[in-house]
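Engineer: start_22.cif is the file, holding mmCIF, C-alpha atoms:
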data_upload
loop_
_atom_site.label_atom_id
_atom_site.label_comp_id
_atom_site.auth_asym_id
_atom_site.auth_seq_id
_atom_site.Cartn_x
_atom_site.Cartn_y
_atom_site.Cartn_z
CA MET U 55 -9.39 -65.16 54.95
CA LYS U 56 -13.20 -65.67 55.08
CA VAL U 57 -13.68 -61.97 55.84
CA CYS U 58 -11.61 -61.01 52.78
CA ARG U 59 -13.63 -63.35 50.56
CA ARG U 60 -16.89 -61.88 51.83
CA LYS U 61 -15.66 -58.36 51.15
CA ALA U 62 -14.56 -59.30 47.62
CA LEU U 63 -17.91 -60.98 46.94
CA ALA U 64 -19.79 -57.94 48.23
CA LEU U 65 -17.74 -55.62 45.98
CA CYS U 66 -18.41 -57.78 42.91
CA LEU U 67 -22.14 -57.92 43.62
CA GLY U 68 -22.19 -54.13 44.14
CA TYR U 69 -20.36 -53.53 40.83
CA ALA U 70 -22.74 -55.86 38.97
CA LEU U 71 -25.72 -54.04 40.48
CA LEU U 72 -24.35 -50.67 39.33
CA LEU U 73 -23.92 -51.98 35.77
CA LEU U 74 -27.49 -53.28 35.77
CA LEU U 75 -28.88 -49.95 36.98
CA ALA U 76 -26.87 -48.05 34.35
CA ALA U 77 -28.22 -50.31 31.59
CA LEU U 78 -31.81 -49.84 32.79
CA ASN U 79 -31.36 -46.06 32.88
CA LEU U 80 -29.99 -46.06 29.33
CA LEU U 81 -32.95 -48.10 28.06
CA GLU U 82 -35.41 -45.77 29.79
CA TYR U 83 -33.65 -42.68 28.29
CA LYS U 84 -33.86 -44.13 24.77
CA TRP U 85 -37.50 -45.07 25.24
CA ARG U 86 -38.40 -41.54 26.29
CA ARG U 87 -36.36 -39.87 23.52
CA GLU U 88 -37.83 -42.00 20.72
CA PRO U 89 -41.31 -43.17 21.75
CA ARG U 90 -43.29 -45.30 19.26
CA ARG U 91 -46.66 -46.93 19.24
CA CYS U 92 -46.89 -50.67 18.74
CA GLY U 93 -46.62 -51.62 15.12
CA GLU U 94 -45.12 -48.27 14.13
CA PRO U 95 -42.20 -48.70 11.74
CA PRO U 96 -38.76 -47.71 13.02
CA ALA U 97 -37.96 -44.06 12.70
CA ALA U 98 -35.89 -42.96 9.73
CA PRO U 99 -32.24 -42.32 10.50
CA ARG U 100 -31.57 -38.80 11.65
CA HIS U 101 -30.01 -36.27 9.30
CA HIS U 102 -26.43 -35.51 10.25
CA PRO U 103 -24.88 -32.10 9.53
CA PRO U 104 -22.36 -31.96 6.68
CA PRO U 105 -18.71 -32.51 7.62
CA PRO U 106 -16.79 -29.41 8.63
CA PRO U 107 -14.99 -27.51 5.87
CA PRO U 108 -11.28 -28.14 5.34
CA PRO U 109 -8.83 -26.12 7.41
CA ALA U 110 -8.85 -22.40 6.65
CA GLY U 111 -5.19 -22.57 5.75
CA SER U 112 -5.80 -24.89 2.83
CA ARG U 113 -9.00 -23.53 1.32
CA GLY U 114 -10.25 -20.03 0.64
CA PRO U 115 -13.62 -18.82 -0.68
CA ALA U 116 -15.59 -21.33 -2.75
CA GLY U 117 -13.11 -24.08 -1.80
CA ALA U 118 -10.21 -22.62 -3.80
CA ARG U 119 -6.77 -23.34 -2.42
CA ARG U 120 -5.48 -20.39 -0.43
CA GLN U 121 -2.09 -18.88 -1.26
CA LEU U 122 -0.07 -18.10 1.86
CA VAL U 123 2.95 -15.78 1.84
CA TYR U 124 5.52 -14.83 4.44
CA VAL U 125 7.66 -11.74 3.80
CA PHE U 126 10.91 -12.72 5.53
CA THR U 127 13.08 -9.69 6.31
CA THR U 128 14.67 -7.59 9.06
CA TRP U 129 14.13 -4.15 10.52
CA ARG U 130 14.75 -1.09 8.34
CA SER U 131 14.88 -3.03 5.06
CA GLY U 132 12.07 -1.14 3.35
CA SER U 133 9.61 -3.80 4.43
CA SER U 134 6.87 -1.33 5.40
CA PHE U 135 6.76 -0.03 1.82
CA PHE U 136 7.07 -3.55 0.40
CA GLY U 137 4.23 -4.69 2.65
CA GLU U 138 2.00 -1.97 1.20
CA LEU U 139 2.20 -3.74 -2.16
CA PHE U 140 0.09 -6.44 -0.50
CA ASN U 141 -1.84 -4.33 2.00
CA GLN U 142 -3.21 -2.22 -0.87
CA ASN U 143 -4.16 -5.18 -3.07
CA PRO U 144 -7.95 -5.74 -2.90
CA GLU U 145 -7.41 -9.51 -3.15
CA VAL U 146 -5.05 -9.80 -0.18
CA PHE U 147 -5.59 -10.18 3.56
CA PHE U 148 -2.44 -8.62 5.05
CA LEU U 149 -1.03 -8.72 8.57
CA TYR U 150 1.78 -6.41 9.65
CA GLU U 151 4.29 -7.76 12.20
CA PRO U 152 1.93 -9.98 14.24
CA VAL U 153 4.88 -11.60 16.07
CA TRP U 154 5.45 -8.22 17.73
CA HIS U 155 2.83 -9.40 20.24
CA VAL U 156 4.96 -12.46 21.10
CA TRP U 157 8.04 -10.36 21.73
CA GLN U 158 6.12 -7.92 23.91
CA LYS U 159 4.39 -10.61 25.95
CA LEU U 160 7.53 -12.72 26.50
CA TYR U 161 9.99 -9.86 27.02
CA PRO U 162 12.89 -10.01 27.91
CA GLY U 163 13.27 -13.26 25.97
CA ASP U 164 16.08 -13.13 23.44
CA ALA U 165 15.49 -13.39 19.69
CA VAL U 166 16.50 -17.06 19.36
CA SER U 167 14.43 -18.36 22.29
CA LEU U 168 11.26 -16.81 20.85
CA GLN U 169 11.46 -18.49 17.43
CA GLY U 170 9.26 -21.46 18.37
CA ALA U 171 6.52 -19.23 19.76
CA ALA U 172 6.69 -17.11 16.59
CA ARG U 173 6.19 -20.18 14.39
CA ASP U 174 3.25 -21.39 16.48
CA MET U 175 1.56 -18.01 16.12
CA LEU U 176 2.10 -18.01 12.35
CA SER U 177 0.67 -21.52 12.11
CA SER U 178 -2.56 -20.31 13.72
CA LEU U 179 -2.77 -17.10 11.69
CA TYR U 180 -2.31 -18.90 8.37
CA ARG U 181 -5.38 -20.93 9.31
CA CYS U 182 -7.29 -17.72 10.04
CA ASP U 183 -7.34 -18.54 13.75
CA LEU U 184 -6.95 -14.96 14.95
CA SER U 185 -7.80 -15.83 18.55
CA VAL U 186 -4.06 -16.41 18.98
CA PHE U 187 -3.71 -12.62 19.32
CA GLN U 188 -5.60 -12.87 22.62
CA LEU U 189 -3.07 -15.38 23.93
CA TYR U 190 -0.29 -12.81 23.62
CA SER U 191 -2.33 -9.78 24.60
CA THR U 192 -0.77 -7.40 27.11
CA ALA U 193 -4.10 -5.66 27.78
CA GLY U 194 -4.49 -7.44 31.11
CA ALA U 195 -6.51 -10.33 32.49
CA GLY U 196 -10.18 -10.35 31.55
CA LYS U 197 -9.79 -7.76 28.78
CA ASN U 198 -10.64 -8.93 25.29
CA LEU U 199 -8.38 -7.74 22.49
CA THR U 200 -10.11 -5.97 19.60
CA THR U 201 -9.00 -5.16 16.07
CA LEU U 202 -7.64 -1.79 17.20
CA GLY U 203 -5.36 -3.58 19.68
CA ILE U 204 -3.53 -5.47 16.93
CA PHE U 205 -0.09 -4.09 16.08
CA GLY U 206 -0.27 -2.05 12.87
CA ALA U 207 -4.07 -1.82 12.99
CA ALA U 208 -4.10 1.90 12.17
CA THR U 209 -2.69 1.24 8.68
CA ASN U 210 -4.28 -2.15 7.99
CA LYS U 211 -6.52 -1.82 4.93
CA VAL U 212 -8.92 -4.59 6.01
CA ILE U 213 -9.39 -3.16 9.52
CA CYS U 214 -9.84 0.38 8.19
CA SER U 215 -12.24 -0.57 5.38
CA SER U 216 -15.83 -1.69 5.00
CA PRO U 217 -17.42 -3.79 6.43
CA LEU U 218 -15.28 -3.42 9.58
CA CYS U 219 -15.00 0.37 9.26
CA PRO U 220 -16.80 2.85 6.97
CA ALA U 221 -13.71 5.06 6.51
CA TYR U 222 -12.27 3.30 3.42
CA ARG U 223 -13.01 0.67 0.79
CA LYS U 224 -10.59 -2.22 0.29
CA GLU U 225 -11.11 -2.25 -3.47
CA VAL U 226 -9.81 1.34 -3.79
CA VAL U 227 -5.99 1.43 -3.92
CA GLY U 228 -4.49 4.19 -1.78
CA MET U 229 -2.79 4.83 1.55
CA VAL U 230 -4.98 5.19 4.62
CA ASP U 231 -4.66 7.93 7.23
CA ASP U 232 -3.79 6.37 10.58
CA ARG U 233 -5.53 9.25 12.38
CA VAL U 234 -8.78 8.29 10.63
CA CYS U 235 -8.31 4.56 11.22
CA LYS U 236 -7.77 5.06 14.95
CA LYS U 237 -11.35 6.35 15.08
CA CYS U 238 -12.74 3.15 13.53
CA PRO U 239 -15.07 1.16 15.79
CA PRO U 240 -13.20 -1.65 17.58
CA GLN U 241 -14.34 -5.04 16.33
CA ARG U 242 -14.16 -8.46 17.97
CA LEU U 243 -11.39 -10.76 16.76
CA SER U 244 -14.06 -13.21 15.61
CA ARG U 245 -15.39 -10.55 13.23
CA PHE U 246 -11.89 -9.94 11.87
CA GLN U 247 -11.51 -13.70 11.49
CA GLU U 248 -14.64 -13.84 9.35
CA GLU U 249 -13.02 -11.35 6.98
CA CYS U 250 -9.87 -13.47 6.82
CA HIS U 251 -11.86 -16.42 5.47
CA LYS U 252 -13.05 -14.33 2.51
CA TYR U 253 -9.62 -13.91 0.92
CA HIS U 254 -7.72 -16.24 -1.42
CA THR U 255 -4.33 -14.75 -0.50
CA LEU U 256 -3.02 -14.21 3.03
CA VAL U 257 0.27 -12.34 3.45
CA ILE U 258 2.19 -11.82 6.70
CA LYS U 259 5.17 -9.50 6.90
CA GLY U 260 7.63 -10.06 9.74
CA VAL U 261 11.09 -9.15 10.98
CA ARG U 262 11.22 -11.41 14.04
CA VAL U 263 11.85 -14.81 12.43
CA PHE U 264 15.63 -15.08 12.15
CA ASP U 265 16.14 -18.49 10.58
CA LEU U 266 14.31 -19.68 7.49
CA ALA U 267 14.46 -23.23 8.84
CA VAL U 268 12.05 -22.13 11.60
CA LEU U 269 9.35 -22.04 8.91
CA ALA U 270 10.18 -25.51 7.56
CA PRO U 271 7.37 -27.33 9.46
CA LEU U 272 4.83 -24.88 8.01
CA MET U 273 6.21 -25.22 4.49
CA ARG U 274 6.12 -29.01 4.75
CA ASP U 275 2.52 -28.98 6.00
CA PRO U 276 0.33 -30.37 3.18
CA THR U 277 -2.65 -28.29 4.36
CA LEU U 278 -0.71 -25.05 3.85
CA ASP U 279 0.56 -23.60 0.59
CA LEU U 280 3.24 -21.29 1.97
CA LYS U 281 5.76 -19.30 -0.04
CA VAL U 282 8.54 -17.08 1.32
CA ILE U 283 9.66 -13.76 -0.14
CA HIS U 284 13.03 -12.77 1.30
CA LEU U 285 13.33 -8.99 1.20
CA VAL U 286 16.95 -7.85 1.57
CA ARG U 287 18.71 -4.50 1.64
CA ASP U 288 22.32 -3.31 1.77
CA PRO U 289 23.33 -3.96 5.41
CA ARG U 290 25.05 -0.58 5.56
CA ALA U 291 21.74 1.11 4.71
CA VAL U 292 20.00 -1.08 7.30
CA ALA U 293 22.55 -0.07 9.95
CA SER U 294 22.22 3.61 9.07
CA SER U 295 18.44 3.43 9.33
CA ARG U 296 18.65 1.52 12.62
CA ILE U 297 20.84 4.25 14.10
CA LYS U 298 18.45 6.93 12.89
CA SER U 299 15.52 5.13 14.51
CA ARG U 300 17.56 3.82 17.47
CA HIS U 301 15.24 5.09 20.20
CA GLY U 302 12.25 3.31 18.66
CA LEU U 303 14.21 0.05 18.32
CA ILE U 304 16.25 0.00 21.53
CA ARG U 305 14.11 -2.72 23.14
CA GLU U 306 14.30 -4.97 20.07
CA SER U 307 18.02 -4.28 19.67
CA LEU U 308 18.63 -5.47 23.23
CA GLN U 309 16.67 -8.68 22.57
CA VAL U 310 18.69 -9.30 19.41
CA VAL U 311 22.07 -8.52 21.01
CA ARG U 312 21.31 -10.88 23.91
CA SER U 313 21.03 -13.79 21.47
CA ARG U 314 24.65 -13.50 20.32
CA ASP U 315 27.01 -16.37 21.04
CA PRO U 316 29.39 -14.90 23.67
CA HIS U 317 32.21 -17.19 22.51
CA ILE U 318 32.35 -15.99 18.91
CA HIS U 319 30.81 -12.51 18.70
CA ARG U 320 33.01 -9.56 17.87
CA MET U 321 32.76 -6.47 20.02
CA PRO U 322 31.44 -3.46 18.07
CA PHE U 323 33.57 -0.40 18.46
CA LEU U 324 32.19 3.09 18.81
CA ASP U 325 32.83 5.73 16.22
CA ALA U 326 35.64 8.03 17.30
CA GLY U 327 33.25 10.93 16.69
CA HIS U 328 30.97 9.81 19.52
CA LYS U 329 31.50 11.53 22.83
CA LEU U 330 30.39 9.40 25.74
CA GLY U 331 29.76 12.37 27.94
CA GLY U 332 27.09 15.03 28.07
CA LYS U 333 24.24 15.04 25.58
CA LYS U 334 25.57 12.26 23.35
CA GLU U 335 25.95 9.62 26.03
CA GLY U 336 22.57 8.02 25.37
CA ALA U 337 23.02 8.22 21.62
CA GLY U 338 26.39 6.48 21.83
CA GLY U 339 24.89 3.58 23.79
CA SER U 340 22.01 3.26 21.36
CA ASP U 341 24.39 3.28 18.39
CA TYR U 342 26.42 0.56 20.10
CA HIS U 343 23.39 -1.75 20.32
CA ALA U 344 22.17 -0.81 16.84
CA LEU U 345 25.51 -1.82 15.32
CA GLY U 346 25.89 -4.81 17.64
CA ALA U 347 22.53 -6.18 16.47
CA MET U 348 23.88 -6.21 12.91
CA GLU U 349 26.13 -9.14 13.80
CA VAL U 350 23.13 -11.34 14.63
CA ILE U 351 21.10 -10.02 11.70
CA CYS U 352 23.83 -10.65 9.14
CA SER U 353 24.69 -14.05 10.61
CA SER U 354 21.07 -15.17 10.22
CA MET U 355 20.93 -13.62 6.74
CA ALA U 356 24.02 -15.56 5.67
CA LYS U 357 22.52 -18.80 6.97
CA THR U 358 19.27 -18.21 5.10
CA LEU U 359 21.06 -17.36 1.85
CA GLN U 360 23.14 -20.53 2.07
CA THR U 361 19.94 -22.54 2.53
CA ALA U 362 18.45 -20.81 -0.53
CA LEU U 363 21.57 -21.56 -2.62
CA HIS U 364 21.21 -25.27 -1.84
CA PRO U 365 17.47 -25.54 -1.21
CA PRO U 366 15.97 -28.57 0.53
CA ASP U 367 12.84 -30.11 -0.98
CA TRP U 368 10.47 -28.01 1.14
CA LEU U 369 12.01 -24.78 -0.15
CA GLN U 370 12.32 -25.57 -3.86
CA GLY U 371 9.95 -23.37 -5.86
CA ASN U 372 8.73 -21.67 -2.67
CA TYR U 373 11.45 -19.05 -2.15
CA MET U 374 12.15 -15.73 -3.82
CA ALA U 375 14.75 -13.09 -2.90
CA VAL U 376 14.00 -9.44 -3.63
CA ARG U 377 16.52 -6.62 -3.24
CA TYR U 378 15.05 -3.38 -1.95
CA GLU U 379 17.35 -1.51 -4.32
CA ASP U 380 15.82 -3.27 -7.35
CA LEU U 381 12.34 -2.47 -6.07
CA VAL U 382 12.91 1.28 -5.82
CA VAL U 383 14.83 1.51 -9.13
CA GLU U 384 12.47 -0.70 -11.16
CA PRO U 385 9.24 -0.79 -9.16
CA ILE U 386 6.87 -2.03 -11.88
CA LYS U 387 9.21 -4.79 -13.07
CA THR U 388 9.79 -5.97 -9.50
CA LEU U 389 6.07 -5.79 -8.68
CA ARG U 390 5.26 -8.01 -11.65
CA GLN U 391 7.90 -10.54 -10.64
CA VAL U 392 6.67 -10.65 -7.05
CA TYR U 393 3.00 -10.93 -7.99
CA GLY U 394 3.80 -13.63 -10.54
CA PHE U 395 5.55 -15.65 -7.84
CA VAL U 396 2.49 -15.61 -5.56
CA ASN U 397 -0.13 -15.91 -8.35
CA LEU U 398 -1.57 -12.41 -8.10
CA ALA U 399 -2.73 -10.33 -11.07
CA VAL U 400 -1.09 -6.92 -11.53
CA SER U 401 -3.63 -4.13 -11.95
CA PRO U 402 -2.89 -0.70 -13.45
CA GLU U 403 -3.83 0.81 -10.08
CA MET U 404 -1.17 -1.23 -8.26
CA GLU U 405 1.45 -0.36 -10.87
CA LYS U 406 0.65 3.34 -10.48
CA PHE U 407 0.83 3.00 -6.69
CA ALA U 408 4.26 1.33 -6.80
CA LEU U 409 5.59 3.95 -9.22
CA ASN U 410 4.28 6.87 -7.17
CA MET U 411 5.76 5.49 -3.94
CA THR U 412 9.26 5.49 -5.48
CA SER U 413 8.98 8.91 -7.15
CA GLY U 414 8.58 11.16 -4.14
CA PRO U 415 10.28 14.52 -3.68
CA GLY U 416 12.84 13.40 -1.10
CA TYR U 417 13.89 10.92 1.56
CA SER U 418 11.72 10.96 4.69
CA SER U 419 13.35 11.73 8.01
CA LYS U 420 10.57 9.91 9.86
CA PRO U 421 11.73 6.30 10.27
CA PHE U 422 8.38 4.57 10.91
CA VAL U 423 6.22 6.38 8.35
CA VAL U 424 5.52 4.95 4.89
CA SER U 425 5.57 7.71 2.28
CA ALA U 426 6.66 8.38 -1.28
CA ARG U 427 10.46 8.43 -1.50
CA ASN U 428 13.06 9.58 -3.99
CA ALA U 429 14.65 6.33 -5.18
CA THR U 430 18.15 7.76 -5.70
CA GLN U 431 18.25 9.35 -2.26
CA ALA U 432 16.87 6.19 -0.67
CA LEU U 433 19.76 4.16 -2.12
CA SER U 434 22.61 6.49 -1.21
CA ALA U 435 21.50 8.02 2.11
CA TRP U 436 23.73 5.72 4.18
CA ARG U 437 26.85 6.90 2.32
CA THR U 438 26.53 10.37 3.81
CA ALA U 439 25.00 9.37 7.15
CA LEU U 440 27.54 6.79 8.37
CA SER U 441 31.15 7.43 9.23
CA TYR U 442 33.80 5.39 7.43
CA GLN U 443 34.53 3.57 10.68
CA GLN U 444 30.89 2.56 11.08
CA ILE U 445 30.76 1.37 7.47
CA LYS U 446 33.80 -0.87 7.94
CA GLN U 447 32.27 -2.30 11.11
CA VAL U 448 29.11 -3.32 9.27
CA GLU U 449 31.11 -4.73 6.35
CA GLU U 450 33.08 -6.88 8.78
CA TYR U 451 29.89 -8.33 10.25
CA CYS U 452 28.12 -8.74 6.92
CA GLN U 453 30.78 -9.62 4.34
CA GLN U 454 29.28 -13.00 3.42
CA PRO U 455 25.68 -11.88 2.70
CA MET U 456 26.98 -8.74 1.00
CA ALA U 457 29.04 -10.84 -1.43
CA LEU U 458 26.09 -13.12 -2.23
CA LEU U 459 23.66 -10.24 -2.73
CA GLY U 460 25.91 -8.06 -4.88
CA TYR U 461 26.73 -5.26 -2.42
CA GLU U 462 30.28 -4.12 -3.10
CA ARG U 463 32.52 -3.17 -0.19
CA VAL U 464 34.34 0.18 -0.12
CA GLY U 465 38.08 0.74 0.09
CA SER U 466 38.38 4.35 1.19
CA PRO U 467 36.37 7.29 2.56
CA GLU U 468 36.65 8.95 -0.86
CA GLU U 469 35.01 5.95 -2.51
CA VAL U 470 32.11 6.21 -0.08
CA LYS U 471 31.48 9.86 -0.88
CA ASP U 472 31.67 9.39 -4.66
CA LEU U 473 27.92 9.00 -5.26
CA SER U 474 28.45 8.71 -9.03
CA ARG U 475 29.94 5.26 -8.43
CA THR U 476 27.41 2.50 -7.85
CA LEU U 477 28.13 -0.18 -5.29
CA LEU U 478 25.51 -2.58 -6.68
CA ARG U 479 26.50 -5.70 -8.59
CA LYS U 480 24.58 -8.65 -9.95
CA PRO U 481 23.60 -10.93 -7.06
CA ARG U 482 24.78 -14.54 -7.02
CA LEU U 483 21.41 -15.75 -5.74
#
Is it possible to express this structure as structure tokens?
Structural biologist:
Amino acid sequence: MKVCRRKALALCLGYALLLLLAALNLLEYKWRREPRRCGEPPAAPRHHPPPPPPPAGSRGPAGARRQLVYVFTTWRSGSSFFGELFNQNPEVFFLYEPVWHVWQKLYPGDAVSLQGAARDMLSSLYRCDLSVFQLYSTAGAGKNLTTLGIFGAATNKVICSSPLCPAYRKEVVGMVDDRVCKKCPPQRLSRFQEECHKYHTLVIKGVRVFDLAVLAPLMRDPTLDLKVIHLVRDPRAVASSRIKSRHGLIRESLQVVRSRDPHIHRMPFLDAGHKLGGKKEGAGGSDYHALGAMEVICSSMAKTLQTALHPPDWLQGNYMAVRYEDLVVEPIKTLRQVYGFVNLAVSPEMEKFALNMTSGPGYSSKPFVVSARNATQALSAWRTALSYQQIKQVEEYCQQPMALLGYERVGSPEEVKDLSRTLLRKPRL
């Protein structure tokens, strides 16, 4: 017992000695840092730097509140053209499909399991924290991502324009040549981030957020002023375009199909015209996944539309639905409505750009290239490209969103081929 008491006493004395030495060292450090002669008045309090600026998501240049926009859509809905209405605007900082990096890095994760990671990335980007791109870089360990490594960089007007690149000027409205932009000098992400802070409006276009409720935490965030533009298109046209671009979307289609509920999903059937042997074997499999993905896409679309019909408080006044068909038929009217919703001024240059992009000579056969299109051909292309069996398959998957959005179903192959008969009705939304 006496030994234990002696040990405890020794420990206490040692601890007290350490405290005394620490105090003496602190006094000596202060004396050396702020020496004074006897009788000298105390030094004036040091000047402290001003507090840091508010988060980048809430304030833009000169302290003005920044307008944030998310273009909520799916593949092959005309979103590349719609995104150009923002990419071309001199007042807008635009990002094209940044969540692509998440899907590539976390492959083969299915569409639903990646929703949280997608929201986290958007939260960073809306605050102009572009270092998040490095987190999902596939360039390899130790390699820093540059502006040219960002998905869609070769058509991004900020990346391809001064001061990041001498090839173009952001204030001049007009498409950029991706071959020219690929020759731009690669810039650090921090440099790109500096440009982000200069803009009052930040727009992100994406196809990889499937449920509008995923964005609810961002829309509730008082430091963010986020609005959602829901770009929709006739699901039959979406399916037709997906089949046409099936080889470029096969990886994404697999990720989408894997997220289906196995207990309720309906098995897509193949068109009788497909031959599963010889040269068409690969095409038939790709068509299968392209059509199968439509079940998930239309299910999520229906859920979003129901939320918009009965909006919660965080969505009221912050949601707008735009039909691709209305955009190509009445481009200037739709442009004015969209810009009014996100507090952007409509310039004559932007009106001319929108009109020219919907008055092209034909309908492009290149699925991932933005070019001027013929509006009439763009609306009716699916009616000659899909078989009647494929059309009925898509209508089965998508009947609920089609009814809400004013897309009339067909009753016969003859009705499909009668291009004089419109299948557009007034939407209920």
Engineer: In Å, with one decimal, what is the gap from CA of Glu349 in chain U to CA of Ser177 in chain U?
Structural biologist: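 Result for CA of Glu349 in chain U versus CA of Ser177 in chain U: 28.4 Å, one decimal.
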Engineer: Taking only C-alpha atoms into account, name the residue in U:Leu176, U:Leu381, U:Leu369, U:Leu409 that is nearest to Leu266 in chain U.
Structural biologist: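 Closest to Leu266 in chain U of all the choices is U:Leu369.
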Engineer: At a cut-off of 10 Å around the point (2.2, -9.7, 6.2) (file coordinates), what residues fall inside when counting only C-alpha atoms? I'd like the answer as a compact mmCIF listing (two decimals) with C-alpha atoms, keeping the file's coordinate frame.
Structural biologist:
# COMPACT_ATOMS: atom_id res chain seq x y z
CA LEU U 122 -0.07 -18.10 1.86
CA VAL U 123 2.95 -15.78 1.84
CA TYR U 124 5.52 -14.83 4.44
CA VAL U 125 7.66 -11.74 3.80
CA PHE U 126 10.91 -12.72 5.53
CA SER U 133 9.61 -3.80 4.43
CA SER U 134 6.87 -1.33 5.40
CA PHE U 136 7.07 -3.55 0.40
CA GLY U 137 4.23 -4.69 2.65
CA GLU U 138 2.00 -1.97 1.20
CA PHE U 140 0.09 -6.44 -0.50
CA ASN U 141 -1.84 -4.33 2.00
CA VAL U 146 -5.05 -9.80 -0.18
CA PHE U 147 -5.59 -10.18 3.56
CA PHE U 148 -2.44 -8.62 5.05
CA LEU U 149 -1.03 -8.72 8.57
CA TYR U 150 1.78 -6.41 9.65
CA GLU U 151 4.29 -7.76 12.20
CA PRO U 152 1.93 -9.98 14.24
CA LEU U 256 -3.02 -14.21 3.03
CA VAL U 257 0.27 -12.34 3.45
CA ILE U 258 2.19 -11.82 6.70
CA LYS U 259 5.17 -9.50 6.90
CA GLY U 260 7.63 -10.06 9.74
Engineer: Which residues fall under the PyMOL selection byres ((chain U and resi 208) around 8) in this file, as a list in words?
Structural biologist: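 Taken on the displayed file, the PyMOL selection byres ((chain U and resi 208) around 8) yields the residues Leu202, Gly206, Ala207, Thr209, Asn210, Ile213, Cys214, Asp231, Asp232, Arg233, Cys235 and Lys236 of chain U.
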Engineer: I'd like the contact shell of Leu459 in chain U - 7 Å cut-off, all atoms listed in the file, skipping same-chain residues fewer than 5 positions apart - returned as a list in words.
Structural biologist: Pro481, Arg482 and Leu483 of chain U
Engineer: For the file shown, what are the residues hit by the PyMOL selection byres ((chain U and resi 354-359) around 6), laid out as a PyMOL selection string?
Structural biologist: chain U and resi 264-266+351-353+360-362+455
Engineer: Tell me which protein, DNA and RNA residues are within 10 Å of Glu306 in chain U, counting all atoms listed in the file, leaving out same-chain ones fewer than 3 positions away, and put them as a ChimeraX atom specification.
Structural biologist: /U:129,154,157-158,161-162,164-165,262,300,302-303,309-312,343-344,347
Engineer: Once the PyMOL selection byres ((chain U and resi 200) around 7) has been applied to the shown file, what residues remain in the selection, as a VMD selection string?
Structural biologist: chain U and resid 198 to 199 201 to 203 240 to 243
Engineer: I'd like to know which of U:Ala270, U:Leu139, U:Cys452, U:Leu440 is closest to Met411 in chain U, using all atoms listed in the file.
Structural biologist: U:Leu139
Engineer: Which polymer residues have any atom within 9 Å of an atom of Tyr190 in chain U, counting only C-alpha atoms, with same-chain residues fewer than 3 positions away left out, as a PyMOL selection string?
Structural biologist: chain U and resi 155-160+186-187
Engineer: What does the distance between CA of Phe395 in chain U and CA of Tyr222 in chain U come to in Å, to one decimal place?
Structural biologist: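 These two atoms are separated by 28.3 Å.
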Engineer: Would you pick out the contacts of Ala399 in chain U at 12 Å or less, using all atoms listed in the file, so that residues sharing its chain but fewer than 5 positions from it are not included, and give the list as a PyMOL selection string?
Structural biologist: chain U and resi 140+143-146+255+389-394+404-405
Engineer: Mind giving me the straight-line distance from CA of Gln121 in chain U to CA of Val400 in chain U in Å, one decimal?
Structural biologist: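 Between CA of Gln121 in chain U and CA of Val400 in chain U the gap is 15.8 Å.
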